[in-house]
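Chemist: Once you've had a glance at the structure underneath, I'll fire off some questions.
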2 protein chains.
Amino acid sequence: MKAYKEMTKEELRALQVELKAQYEKLKEAGIKLDMSRGRPGARQLDLSTAMLDELNSSTAFKGADGMDIRNYGVIDGIKEAKELFAELMECPVDHVMVFGNSSLSIMYNLISSAMLHGIGGNTPWCKQDKVKFLCPVPGYDRHFAITESLGIEMINIPMDENGPDMDMVERYVNNDPAVKGIWNVPKYTNPAGTVYSDEVIRRFARLKPAAPDFRIFWDNAYAIHHLYPDNQTEILNIVTECEKAGNPDLYYEFCSTSKVTFPGSGVAALIASPANIAEFKKIVSIQTIGYDKMNQMRHVMFFKDAAGVKAHMEKHAEILRPKFEAVLNCLEAELGGLEIGSWIKPLGGYFIAFDTLEGCAKRVVQLCKDAGVVMTPAGSTYPYMNDPADTSIRIAPTLPSAEQLKKACEVFVLCVKLASAEKYLDN
Amino acid sequence: MKAYKEMTKEELRALQVELKAQYEKLKEAGIKLDMSRGRPGARQLDLSTAMLDELNSSTAFKGADGMDIRNYGVIDGIKEAKELFAELMECPVDHVMVFGNSSLSIMYNLISSAMLHGIGGNTPWCKQDKVKFLCPVPGYDRHFAITESLGIEMINIPMDENGPDMDMVERYVNNDPAVKGIWNVPKYTNPAGTVYSDEVIRRFARLKPAAPDFRIFWDNAYAIHHLYPDNQTEILNIVTECEKAGNPDLYYEFCSTSKVTFPGSGVAALIASPANIAEFKKIVSIQTIGYDKMNQMRHVMFFKDAAGVKAHMEKHAEILRPKFEAVLNCLEAELGGLEIGSWIKPLGGYFIAFDTLEGCAKRVVQLCKDAGVVMTPAGSTYPYMNDPADTSIRIAPTLPSAEQLKKACEVFVLCVKLASAEKYLDN
């Protein structure tokens, strides 16, 4: 295949005519496919339905210390669930607080509580002149939506294959007291699949924030979401690294079973120092009498221990691998050598990040949409939906069937080709 | 029985000696009982365990429009759950938003969102000089804890058998733009069991708030929690009354199944005008991807419709009636005619409110505690835990067995007698 940039205008024009014809034909096919959100497919959900039979009318409903888990009480999660998350996330039980179905809502809650009450006795953020968050990009749109909705200024931090640019992170965090937090998905990042290196994580743990109320938001959403059982990447433990660095309260770590059992009916947890847990527990005790202990117990009964969870994740991987490979193979087969896009083969997580030529991402997504394939809106992976170079596209291959994916990917690569040809013809 | 106030000092002293002897004997008995929180008893929880079998591994998991309820999506509740709550609360479906397990957290969320984002485009409360809430007393401690935690000034509003003093409510709401809300439990109030009269509710609906961002917080927690099937009190519908009065956006109404199915594993809902729902939905969409749809469906499958819920509530009433009557009979038998306390026989709800002589509530609760009977801390039913007259005690008779209750109530009435004798002797 000849790289587009080496083609003459004439070659490009001929190519464009051909691509357009193919595109019109595809459009007529009336495709309706969705590669926009990181949702598990139905077969993945089926893996966990047996969990529903675990907690039934003949269950004893007795938790630790004989507590009736059907009744009110327990703000930080039942003991059994805390133990399960502690084993899974490799931290002491007193670092765990188990919530309801959404880790995102824990993050929102922590940040909105910092706005209203402050952190560690410091002035509430809403009473401070300016609050800033660092946002490694490309990143997770729902993280950025939280900070944007609360009027927090977001600063892009570029990422490479090792994680965020730590020189830049240190410069901001260690010098600007308005910088209060940084969003991270440290393992199999959304969307690039990046795994933070040991060096990056150690530099995080050793930050010397100018703001005493600065926290690292460590969304370990894909901690156990490997695609290849034989090639599982492990990262350094933020809990122990921060402790070693003398910064035990520097982080809030998040995880959930949303993509382990059921999105929306899973269990989420906060991992934090006992001091951070105590502070947040006080706030949460005002908000609610407690989270769904029966669903926590349902999860514990189903999995029993961390090994149970990990065995379960291998079944997810079996379902997901062919889907990721369908997309990756299509990209390689159709775009390899054309130099009109780049992507990384992820070893876990839920996404494939695709970079178009500069200024082409929006156009590609629009072309896809017009042909019936919904992608995550271009720009979504950047704060304020503003991808300055307009190159970043997030591909979510988990929900469609492998067959649908193949079809959707055909549309996608065609749109990439078309937009790229247009770009070179416009120049 | 002779009223204490008519006794001579000598008679009182003799009585005190006798009561003290009884009290010391009780203390030695090593009682350990709890009448402090409005928790359902185990037999009540048993009523709903069959619900757990409804949603099992062979369920179809298809919601309205074929949606897979196991997956992500739907921020305002599944259609089936919205319909159930609409029928139950007698309002249009577009007035309903279904959440997770806690109505308290919806209230906190609305108020903290008003602090951060404002209501209806008005200045966020955290940027306004002063925010005040009216608090009919005695009331629910967890309501007051929310407003206190957010630094909102709370103003006591006295209640009589018809509800809050509406002259006072109107004076505050219609004149002071800093007054942004009022807490209400309109039916079977916590703790007094008061039912708001038609006149009171109409006056609520016709308020002309000085603040455009004023809202009535209408916690209809005991909407269907009748004790006597033949004597069910109904109140006017706040939705229709506010609409009739030309104030469709004036209220937020709350309800939940916490005391219908499982506390902590139930489903809660907000009833509000479509405009209020739309505004809040936008905020909630940033906080979470959605609430537990599977638990919503579990509830719908179990109850089918409002009639199913109401039939279920009669079973609760059968269990609760003897408990309430055990307490009421004991109060009447032991304290009738002594003029050292007053109480109202509630027709629903979860509490019996007891008023001691002035300045005796704290002492009674302390005496109970020392004898092994935990009551709700005195003062809890007032903002800032400050009951100016120190008379209000909340009795929660739902959790203990009838036998335990009889025992606990014996301790309680003895403590009331002892504290009252002390009071008259001190004067």
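Lettering and numbering for the structure tokens are positional, with chains as A, B, ... in the shown order, residues counted from 1 in each chain, and ligands counted from 1 in the shown order.
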Can you list, as a PyMOL selection string, every protein, DNA or RNA residue that comes within 12 Å of Thr8 in chain B when you count only C-alpha atoms, leaving out same-chain residues fewer than 6 positions away?

Modeler: chain B and resi 2+14-15+421+424-425+427

Chemist: Next, dump the selected residues to file, keeping only C-alpha atoms, as a compact mmCIF listing (two decimals), in the first residue's frame.

Modeler:
# COMPACT_ATOMS: atom_id res chain seq x y z
CA LYS B 2 -52.65 11.53 91.75
CA ALA B 14 -41.48 9.10 99.51
CA LEU B 15 -42.31 8.45 95.86
CA ALA B 421 -40.39 13.60 90.76
CA TYR B 424 -40.87 18.82 91.32
CA LEU B 425 -38.55 18.28 94.25
CA ASN B 427 -38.54 23.40 92.29

Chemist: Taking only C-alpha atoms into account, produce a table as JSON lines in which each residue of chain A with an atom at most 7 Å from an atom of chain B appears once, together with its shortest atom pair and the distance in Å to one decimal, ordered by chain and rising number.

Modeler:
{"residue": "A:Arg39", "atom": "CA", "partner": "B:Tyr72", "partner_atom": "CA", "distance": 6.7}
{"residue": "A:Leu45", "atom": "CA", "partner": "B:Arg70", "partner_atom": "CA", "distance": 6.8}
{"residue": "A:Thr49", "atom": "CA", "partner": "B:Ser57", "partner_atom": "CA", "distance": 4.8}
{"residue": "A:Ala50", "atom": "CA", "partner": "B:Ser57", "partner_atom": "CA", "distance": 5.1}
{"residue": "A:Leu52", "atom": "CA", "partner": "B:Asn56", "partner_atom": "CA", "distance": 5.0}
{"residue": "A:Asp53", "atom": "CA", "partner": "B:Asn56", "partner_atom": "CA", "distance": 5.5}
{"residue": "A:Leu55", "atom": "CA", "partner": "B:Leu52", "partner_atom": "CA", "distance": 6.8}
{"residue": "A:Asn56", "atom": "CA", "partner": "B:Leu52", "partner_atom": "CA", "distance": 5.0}
{"residue": "A:Ser57", "atom": "CA", "partner": "B:Thr49", "partner_atom": "CA", "distance": 4.8}
{"residue": "A:Arg70", "atom": "CA", "partner": "B:Phe262", "partner_atom": "CA", "distance": 5.6}
{"residue": "A:Asn71", "atom": "CA", "partner": "B:Pro263", "partner_atom": "CA", "distance": 5.1}
{"residue": "A:Tyr72", "atom": "CA", "partner": "B:Pro263", "partner_atom": "CA", "distance": 5.1}
{"residue": "A:Asn101", "atom": "CA", "partner": "B:Asp292", "partner_atom": "CA", "distance": 6.8}
{"residue": "A:Ser102", "atom": "CA", "partner": "B:Thr288", "partner_atom": "CA", "distance": 6.4}
{"residue": "A:Leu104", "atom": "CA", "partner": "B:Thr288", "partner_atom": "CA", "distance": 5.7}
{"residue": "A:Ser105", "atom": "CA", "partner": "B:Gln287", "partner_atom": "CA", "distance": 4.9}
{"residue": "A:Tyr108", "atom": "CA", "partner": "B:Gln287", "partner_atom": "CA", "distance": 5.6}
{"residue": "A:Ala145", "atom": "CA", "partner": "B:Ile286", "partner_atom": "CA", "distance": 6.3}
{"residue": "A:Ile146", "atom": "CA", "partner": "B:Ile286", "partner_atom": "CA", "distance": 5.9}
{"residue": "A:Phe262", "atom": "CA", "partner": "B:Arg70", "partner_atom": "CA", "distance": 5.7}
{"residue": "A:Pro263", "atom": "CA", "partner": "B:Asn71", "partner_atom": "CA", "distance": 5.1}
{"residue": "A:Gly264", "atom": "CA", "partner": "B:Asp292", "partner_atom": "CA", "distance": 5.0}
{"residue": "A:Ser265", "atom": "CA", "partner": "B:Asp292", "partner_atom": "CA", "distance": 4.9}
{"residue": "A:Ile286", "atom": "CA", "partner": "B:Ile146", "partner_atom": "CA", "distance": 5.9}
{"residue": "A:Gln287", "atom": "CA", "partner": "B:Ser105", "partner_atom": "CA", "distance": 4.9}
{"residue": "A:Thr288", "atom": "CA", "partner": "B:Ser105", "partner_atom": "CA", "distance": 5.1}
{"residue": "A:Gly290", "atom": "CA", "partner": "B:Gly264", "partner_atom": "CA", "distance": 6.0}
{"residue": "A:Tyr291", "atom": "CA", "partner": "B:Gly264", "partner_atom": "CA", "distance": 5.7}
{"residue": "A:Asp292", "atom": "CA", "partner": "B:Ser265", "partner_atom": "CA", "distance": 4.9}
{"residue": "A:Lys293", "atom": "CA", "partner": "B:Gly264", "partner_atom": "CA", "distance": 6.7}
{"residue": "A:Met294", "atom": "CA", "partner": "B:Ser265", "partner_atom": "CA", "distance": 6.4}

Chemist: Generate a file of the selected residues that holds C-alpha atoms, formatted as a short mmCIF file (atom, residue, chain, number, x, y, z; two decimals), in the first residue's frame.

Modeler:
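So the final result, stored in result30.cif, reads:
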data_model
loop_
_atom_site.label_atom_id
_atom_site.label_comp_id
_atom_site.auth_asym_id
_atom_site.auth_seq_id
_atom_site.Cartn_x
_atom_site.Cartn_y
_atom_site.Cartn_z
CA ARG A 39 -20.56 -1.23 27.44
CA LEU A 45 -23.62 -9.95 31.27
CA THR A 49 -26.59 -13.77 36.11
CA ALA A 50 -26.04 -16.82 38.34
CA LEU A 52 -28.77 -13.38 41.30
CA ASP A 53 -29.59 -16.85 42.56
CA LEU A 55 -29.06 -14.22 47.50
CA ASN A 56 -32.56 -15.64 47.64
CA SER A 57 -35.47 -16.08 50.01
CA ARG A 70 -31.51 -6.43 55.06
CA ASN A 71 -31.86 -3.67 57.63
CA TYR A 72 -30.48 -0.14 58.02
CA ASN A 101 -23.25 0.85 42.14
CA SER A 102 -21.12 3.69 40.80
CA LEU A 104 -18.13 7.75 39.20
CA SER A 105 -20.55 8.97 41.85
CA TYR A 108 -18.23 13.31 42.04
CA ALA A 145 -17.53 16.35 32.75
CA ILE A 146 -17.39 16.27 36.56
CA PHE A 262 -23.38 -5.67 35.98
CA PRO A 263 -22.99 -2.05 34.90
CA GLY A 264 -25.45 -0.21 37.10
CA SER A 265 -25.98 -3.12 39.46
CA ILE A 286 -25.04 12.88 56.40
CA GLN A 287 -25.99 11.91 52.85
CA THR A 288 -27.39 8.45 53.39
CA GLY A 290 -26.06 3.30 54.00
CA TYR A 291 -25.51 1.62 50.65
CA ASP A 292 -27.03 -1.59 49.34
CA LYS A 293 -25.61 -4.24 51.67
CA MET A 294 -27.62 -7.03 50.07
#

Chemist: Per DSSP on the backbone, what are the strand (DSSP E or B) residues of range 161-392 of chain B, as a CSV table (one decimal) with N, CA and C atoms, in the first residue's frame?

Modeler:
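Produced file result.csv, reproduced below:
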chain,number,residue,atom,x,y,z
B,163,GLY,N,-50.3,20.5,61.6
B,163,GLY,CA,-49.1,20.7,60.9
B,163,GLY,C,-48.4,21.9,61.3
B,164,PRO,N,-47.5,22.5,60.5
B,164,PRO,CA,-46.7,23.6,61.0
B,164,PRO,C,-47.6,24.9,61.1
B,179,VAL,N,-34.7,32.7,52.8
B,179,VAL,CA,-35.4,31.4,53.1
B,179,VAL,C,-35.6,30.6,51.8
B,180,LYS,N,-34.9,29.5,51.7
B,180,LYS,CA,-34.8,28.7,50.5
B,180,LYS,C,-35.6,27.4,50.5
B,181,GLY,N,-36.0,27.0,51.7
B,181,GLY,CA,-36.6,25.7,51.8
B,181,GLY,C,-37.3,25.5,53.1
B,182,ILE,N,-38.1,24.5,53.1
B,182,ILE,CA,-38.7,24.0,54.4
B,182,ILE,C,-38.8,22.5,54.4
B,183,TRP,N,-38.4,21.9,55.5
B,183,TRP,CA,-38.5,20.4,55.6
B,183,TRP,C,-39.9,20.0,56.0
B,184,ASN,N,-40.4,19.0,55.4
B,184,ASN,CA,-41.7,18.5,55.8
B,184,ASN,C,-41.8,17.0,55.7
B,215,ARG,N,-37.9,26.1,47.6
B,215,ARG,CA,-38.6,24.9,47.4
B,215,ARG,C,-39.1,24.3,48.7
B,216,ILE,N,-40.3,23.7,48.6
B,216,ILE,CA,-40.8,22.9,49.7
B,216,ILE,C,-40.3,21.5,49.6
B,217,PHE,N,-39.6,21.0,50.6
B,217,PHE,CA,-39.1,19.6,50.6
B,217,PHE,C,-40.1,18.8,51.3
B,218,TRP,N,-40.8,17.9,50.5
B,218,TRP,CA,-42.0,17.2,50.9
B,218,TRP,C,-41.6,15.7,51.0
B,219,ASP,N,-41.1,15.3,52.2
B,219,ASP,CA,-40.6,14.0,52.4
B,219,ASP,C,-41.8,13.1,52.8
B,226,HIS,N,-49.7,3.1,56.9
B,226,HIS,CA,-50.8,3.2,57.8
B,226,HIS,C,-50.7,2.0,58.9
B,251,TYR,N,-42.3,22.5,44.7
B,251,TYR,CA,-42.1,21.4,45.7
B,251,TYR,C,-41.1,20.4,45.1
B,252,TYR,N,-40.4,19.7,46.0
B,252,TYR,CA,-39.8,18.4,45.6
B,252,TYR,C,-40.4,17.3,46.6
B,253,GLU,N,-41.0,16.3,46.0
B,253,GLU,CA,-41.6,15.3,46.9
B,253,GLU,C,-40.7,14.0,46.8
B,254,PHE,N,-40.6,13.3,48.0
B,254,PHE,CA,-39.7,12.2,48.1
B,254,PHE,C,-40.5,11.0,48.6
B,255,CYS,N,-40.1,9.8,48.2
B,255,CYS,CA,-40.7,8.6,48.7
B,255,CYS,C,-39.7,7.4,48.5
B,256,SER,N,-39.9,6.4,49.2
B,256,SER,CA,-39.0,5.2,49.0
B,256,SER,C,-39.6,3.9,49.5
B,268,ALA,N,-35.8,4.4,45.8
B,268,ALA,CA,-36.3,5.8,46.2
B,268,ALA,C,-36.7,6.6,44.9
B,269,ALA,N,-37.6,7.5,45.1
B,269,ALA,CA,-38.0,8.3,44.0
B,269,ALA,C,-38.2,9.8,44.3
B,270,LEU,N,-38.0,10.6,43.3
B,270,LEU,CA,-38.3,12.0,43.4
B,270,LEU,C,-39.5,12.3,42.6
B,271,ILE,N,-40.5,13.0,43.2
B,271,ILE,CA,-41.7,13.4,42.4
B,271,ILE,C,-41.5,14.9,42.3
B,341,GLY,N,-46.4,13.8,81.4
B,341,GLY,CA,-46.0,13.5,80.1
B,341,GLY,C,-47.3,13.5,79.2
B,342,SER,N,-47.1,13.7,77.9
B,342,SER,CA,-48.2,13.6,77.0
B,342,SER,C,-47.7,13.0,75.7
B,343,TRP,N,-48.6,12.4,75.0
B,343,TRP,CA,-48.3,11.7,73.7
B,343,TRP,C,-49.5,11.6,72.9
B,348,GLY,N,-50.2,6.1,61.9
B,348,GLY,CA,-49.3,5.5,60.9
B,348,GLY,C,-47.9,6.0,61.2
B,352,ILE,N,-43.6,7.2,68.1
B,352,ILE,CA,-44.5,7.8,69.0
B,352,ILE,C,-43.7,9.0,69.7
B,353,ALA,N,-44.3,10.2,69.6
B,353,ALA,CA,-43.6,11.3,70.2
B,353,ALA,C,-44.1,11.4,71.6
B,354,PHE,N,-43.2,11.6,72.5
B,354,PHE,CA,-43.5,11.8,73.9
B,354,PHE,C,-43.0,13.1,74.4
B,355,ASP,N,-43.8,13.8,75.1
B,355,ASP,CA,-43.4,15.1,75.7
B,355,ASP,C,-43.3,15.0,77.2
B,356,THR,N,-42.2,15.2,77.8
B,356,THR,CA,-42.0,15.2,79.2
B,356,THR,C,-42.4,16.6,79.8
B,373,VAL,N,-31.6,0.9,78.3
B,373,VAL,CA,-32.5,1.1,77.2
B,373,VAL,C,-32.1,2.3,76.4
B,374,VAL,N,-31.7,2.1,75.2
B,374,VAL,CA,-31.3,3.2,74.3
B,374,VAL,C,-32.4,3.9,73.6
B,375,MET,N,-32.6,5.2,73.9
B,375,MET,CA,-33.6,6.0,73.2
B,375,MET,C,-32.9,6.9,72.2
B,392,SER,N,-38.9,16.9,74.3
B,392,SER,CA,-39.3,16.0,73.2
B,392,SER,C,-38.5,14.7,73.2

Chemist: May I have all residues of range 39-148 of chain A that DSSP, computed from the backbone, assigns to helix (DSSP H, G or I), given as a PyMOL selection string?

Modeler: chain A and resi 42-46+51-54+64-66+79-89+93-95+103-117+125-127+141-148

Chemist: Using only C-alpha atoms, which protein or nucleic acid residues come within 9 Å of Ala371 in chain A? Drop anything in the same chain fewer than 6 positions from it, and give the result as a list in words.

Modeler: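 Counting only the stated atoms, we get Tyr23, Glu24, Leu26, Lys27, Glu28, Ala29, Gly30, Ile31, Lys32 and Val411 of chain A.
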
Chemist: So that I can see what lies close to Tyr196 in chain A, please list as a PyMOL selection string the residues with an atom at most 10 Å from it, counting only C-alpha atoms and leaving out residues fewer than 2 positions away in the same chain.

Modeler: chain A and resi 159-164+184-189+193-194+198-201+233-236

Chemist: Could you name the residues that touch Leu357 in chain A at 10 Å or less, counting only C-alpha atoms, but leaving out those on the same chain fewer than 4 positions away, as an mmCIF file with N, CA and C atoms, in the first residue's frame?

Modeler:
data_model
loop_
_atom_site.group_PDB
_atom_site.id
_atom_site.type_symbol
_atom_site.label_atom_id
_atom_site.label_comp_id
_atom_site.auth_asym_id
_atom_site.auth_seq_id
_atom_site.Cartn_x
_atom_site.Cartn_y
_atom_site.Cartn_z
ATOM 1 N N GLU A 339 -0.211 5.361 6.438
ATOM 2 C CA GLU A 339 0.230 6.517 7.239
ATOM 3 C C GLU A 339 -0.833 7.599 7.374
ATOM 4 N N ILE A 340 -2.069 7.148 7.537
ATOM 5 C CA ILE A 340 -3.160 8.107 7.770
ATOM 6 C C ILE A 340 -3.820 7.881 9.138
ATOM 7 N N GLY A 341 -3.156 7.107 9.963
ATOM 8 C CA GLY A 341 -3.712 6.887 11.301
ATOM 9 C C GLY A 341 -2.789 5.996 12.097
ATOM 10 N N SER A 342 -2.881 6.105 13.426
ATOM 11 C CA SER A 342 -2.077 5.233 14.268
ATOM 12 C C SER A 342 -2.920 4.767 15.444
ATOM 13 N N ALA A 361 -10.316 14.062 12.853
ATOM 14 C CA ALA A 361 -11.123 13.200 13.729
ATOM 15 C C ALA A 361 -12.617 13.529 13.621
ATOM 16 N N ALA A 389 -5.756 19.222 18.338
ATOM 17 C CA ALA A 389 -5.250 18.759 17.035
ATOM 18 C C ALA A 389 -6.319 18.025 16.237
ATOM 19 N N ASP A 390 -7.459 17.764 16.887
ATOM 20 C CA ASP A 390 -8.570 17.050 16.229
ATOM 21 C C ASP A 390 -8.090 15.742 15.603
ATOM 22 N N THR A 391 -7.450 14.913 16.419
ATOM 23 C CA THR A 391 -6.948 13.621 15.926
ATOM 24 C C THR A 391 -7.514 12.415 16.685
ATOM 25 N N SER A 392 -8.050 12.646 17.897
ATOM 26 C CA SER A 392 -8.319 11.515 18.788
ATOM 27 C C SER A 392 -9.717 10.927 18.617
ATOM 28 N N VAL A 416 -11.995 6.925 7.461
ATOM 29 C CA VAL A 416 -10.646 7.442 7.722
ATOM 30 C C VAL A 416 -9.946 7.727 6.384
ATOM 31 N N ALA A 419 -11.617 10.843 4.679
ATOM 32 C CA ALA A 419 -11.265 12.106 5.333
ATOM 33 C C ALA A 419 -9.795 12.446 5.093
ATOM 34 N N SER A 420 -8.961 11.426 5.056
ATOM 35 C CA SER A 420 -7.530 11.669 4.853
ATOM 36 C C SER A 420 -7.249 12.130 3.430
ATOM 37 N N LYS A 423 -8.236 15.643 3.176
ATOM 38 C CA LYS A 423 -7.269 16.519 3.834
ATOM 39 C C LYS A 423 -6.096 16.811 2.899
ATOM 40 N N TYR A 424 -5.571 15.772 2.299
ATOM 41 C CA TYR A 424 -4.414 15.984 1.426
ATOM 42 C C TYR A 424 -4.798 16.771 0.186
#

Chemist: List as a PyMOL selection string the protein and nucleic acid residues near range 323-331 of chain A, meaning an atom at most 10 Å away when only C-alpha atoms are counted, but skip any in the same chain fewer than 2 places from it.

Modeler: chain A and resi 227+317-321+333-336+341-348+350-352+354+395-410+412-413

Chemist: Generate a file of the selected residues that holds N, CA and C atoms, formatted as a compact mmCIF listing (two decimals), in the first residue's frame.

Modeler:
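Wrote result.txt, looks like this:
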# COMPACT_ATOMS: atom_id res chain seq x y z
N LEU A 227 -6.87 -8.48 28.81
CA LEU A 227 -7.37 -9.19 27.62
C LEU A 227 -6.63 -10.50 27.41
N ALA A 317 -12.47 -11.95 29.29
CA ALA A 317 -11.38 -11.77 28.31
C ALA A 317 -11.61 -12.65 27.08
N GLU A 318 -12.08 -13.87 27.33
CA GLU A 318 -12.33 -14.78 26.21
C GLU A 318 -13.35 -14.21 25.23
N ILE A 319 -14.34 -13.53 25.79
CA ILE A 319 -15.38 -12.93 24.94
C ILE A 319 -14.85 -11.68 24.25
N LEU A 320 -14.03 -10.92 24.96
CA LEU A 320 -13.59 -9.62 24.44
C LEU A 320 -12.45 -9.72 23.42
N ARG A 321 -11.55 -10.68 23.64
CA ARG A 321 -10.37 -10.79 22.77
C ARG A 321 -10.72 -10.79 21.28
N ALA A 333 -5.15 -4.40 8.41
CA ALA A 333 -5.34 -4.83 7.02
C ALA A 333 -5.68 -3.67 6.11
N GLU A 334 -6.49 -2.76 6.59
CA GLU A 334 -7.02 -1.71 5.72
C GLU A 334 -6.19 -0.42 5.76
N LEU A 335 -5.53 -0.18 6.89
CA LEU A 335 -4.84 1.10 7.03
C LEU A 335 -3.33 0.95 7.13
N GLY A 336 -2.87 -0.29 7.32
CA GLY A 336 -1.43 -0.51 7.47
C GLY A 336 -0.66 0.06 6.29
N GLY A 341 -3.16 7.11 9.96
CA GLY A 341 -3.71 6.89 11.30
C GLY A 341 -2.79 6.00 12.10
N SER A 342 -2.88 6.11 13.43
CA SER A 342 -2.08 5.23 14.27
C SER A 342 -2.92 4.77 15.44
N TRP A 343 -2.54 3.64 15.98
CA TRP A 343 -3.28 3.07 17.10
C TRP A 343 -2.35 2.16 17.87
N ILE A 344 -2.73 1.87 19.10
CA ILE A 344 -1.93 0.99 19.95
C ILE A 344 -2.76 -0.24 20.26
N LYS A 345 -2.13 -1.38 20.25
CA LYS A 345 -2.83 -2.62 20.60
C LYS A 345 -2.89 -2.72 22.12
N PRO A 346 -4.08 -2.57 22.70
CA PRO A 346 -4.16 -2.59 24.17
C PRO A 346 -4.10 -4.02 24.72
N LEU A 347 -3.59 -4.14 25.93
CA LEU A 347 -3.53 -5.46 26.59
C LEU A 347 -4.67 -5.63 27.59
N GLY A 348 -5.51 -4.60 27.70
CA GLY A 348 -6.63 -4.67 28.63
C GLY A 348 -7.51 -3.45 28.46
N TYR A 350 -11.10 -1.28 27.87
CA TYR A 350 -12.33 -1.35 27.07
C TYR A 350 -12.24 -0.62 25.75
N PHE A 351 -11.07 -0.07 25.41
CA PHE A 351 -11.04 0.81 24.25
C PHE A 351 -9.80 0.62 23.38
N ILE A 352 -9.94 1.08 22.15
CA ILE A 352 -8.79 1.25 21.27
C ILE A 352 -8.78 2.73 20.88
N PHE A 354 -7.59 5.67 18.52
CA PHE A 354 -7.14 5.83 17.15
C PHE A 354 -6.82 7.29 16.91
N ILE A 395 -12.44 4.12 20.01
CA ILE A 395 -13.19 2.99 19.49
C ILE A 395 -13.57 2.08 20.66
N ALA A 396 -14.87 1.78 20.78
CA ALA A 396 -15.35 0.93 21.87
C ALA A 396 -15.86 -0.37 21.26
N PRO A 397 -15.05 -1.42 21.29
CA PRO A 397 -15.41 -2.63 20.57
C PRO A 397 -16.16 -3.67 21.39
N THR A 398 -16.60 -3.32 22.61
CA THR A 398 -17.09 -4.38 23.49
C THR A 398 -18.54 -4.78 23.26
N LEU A 399 -19.38 -3.82 22.91
CA LEU A 399 -20.82 -4.10 22.84
C LEU A 399 -21.27 -4.85 21.59
N PRO A 400 -20.82 -4.45 20.39
CA PRO A 400 -21.32 -5.13 19.19
C PRO A 400 -20.79 -6.57 19.12
N SER A 401 -21.45 -7.40 18.35
CA SER A 401 -20.93 -8.75 18.09
C SER A 401 -19.72 -8.63 17.17
N ALA A 402 -18.93 -9.70 17.10
CA ALA A 402 -17.73 -9.66 16.25
C ALA A 402 -18.13 -9.37 14.80
N GLU A 403 -19.25 -9.91 14.39
CA GLU A 403 -19.72 -9.69 13.01
C GLU A 403 -20.09 -8.23 12.77
N GLN A 404 -20.85 -7.67 13.74
CA GLN A 404 -21.22 -6.25 13.65
C GLN A 404 -19.97 -5.37 13.65
N LEU A 405 -19.01 -5.79 14.49
CA LEU A 405 -17.78 -5.02 14.61
C LEU A 405 -17.03 -4.97 13.29
N LYS A 406 -17.00 -6.11 12.63
CA LYS A 406 -16.30 -6.20 11.35
C LYS A 406 -16.93 -5.20 10.38
N LYS A 407 -18.25 -5.22 10.35
CA LYS A 407 -19.01 -4.31 9.48
C LYS A 407 -18.72 -2.85 9.87
N ALA A 408 -18.82 -2.57 11.17
CA ALA A 408 -18.62 -1.19 11.64
C ALA A 408 -17.21 -0.73 11.34
N CYS A 409 -16.26 -1.64 11.47
CA CYS A 409 -14.88 -1.27 11.26
C CYS A 409 -14.61 -1.00 9.78
N GLU A 410 -15.29 -1.74 8.94
CA GLU A 410 -15.18 -1.47 7.49
C GLU A 410 -15.61 -0.05 7.18
N PHE A 412 -15.67 2.40 9.34
CA PHE A 412 -14.72 3.30 9.99
C PHE A 412 -13.47 3.52 9.13
N VAL A 413 -12.86 2.44 8.67
CA VAL A 413 -11.61 2.61 7.92
C VAL A 413 -11.86 3.34 6.60

Chemist: Rounded to one decimal place, report the CA of Ala272 in chain B-CA of Tyr140 in chain B distance in Å.

Modeler: 21.4 Å

Chemist: Residues near Trp125 in chain A, anyone? I mean within 6 Å using only C-alpha atoms, not counting same-chain ones fewer than 3 positions away, as a PDB file with N, CA and C atoms, in the first residue's frame.

Modeler:
ATOM      1  N   ALA A 114     -15.410  18.391  48.474  1.00  0.00           N
ATOM      2  CA  ALA A 114     -14.256  19.287  48.618  1.00  0.00           C
ATOM      3  C   ALA A 114     -14.679  20.724  48.308  1.00  0.00           C
ATOM      4  N   MET A 115     -15.566  20.877  47.319  1.00  0.00           N
ATOM      5  CA  MET A 115     -16.081  22.213  47.003  1.00  0.00           C
ATOM      6  C   MET A 115     -16.807  22.802  48.219  1.00  0.00           C
ATOM      7  N   GLY A 118     -14.369  21.441  51.888  1.00  0.00           N
ATOM      8  CA  GLY A 118     -12.917  21.465  51.926  1.00  0.00           C
ATOM      9  C   GLY A 118     -12.353  20.090  52.263  1.00  0.00           C
ATOM     10  N   GLN A 128     -12.459  29.244  47.403  1.00  0.00           N
ATOM     11  CA  GLN A 128     -11.127  29.617  46.924  1.00  0.00           C
ATOM     12  C   GLN A 128     -11.277  30.302  45.556  1.00  0.00           C
TER      13      GLN A 128
END

Chemist: CA of Gly120 in chain B and CA of Glu279 in chain B are how many Å apart?

Modeler: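 Answer for the CA of Gly120 in chain B to CA of Glu279 in chain B separation: 7.6 Å.
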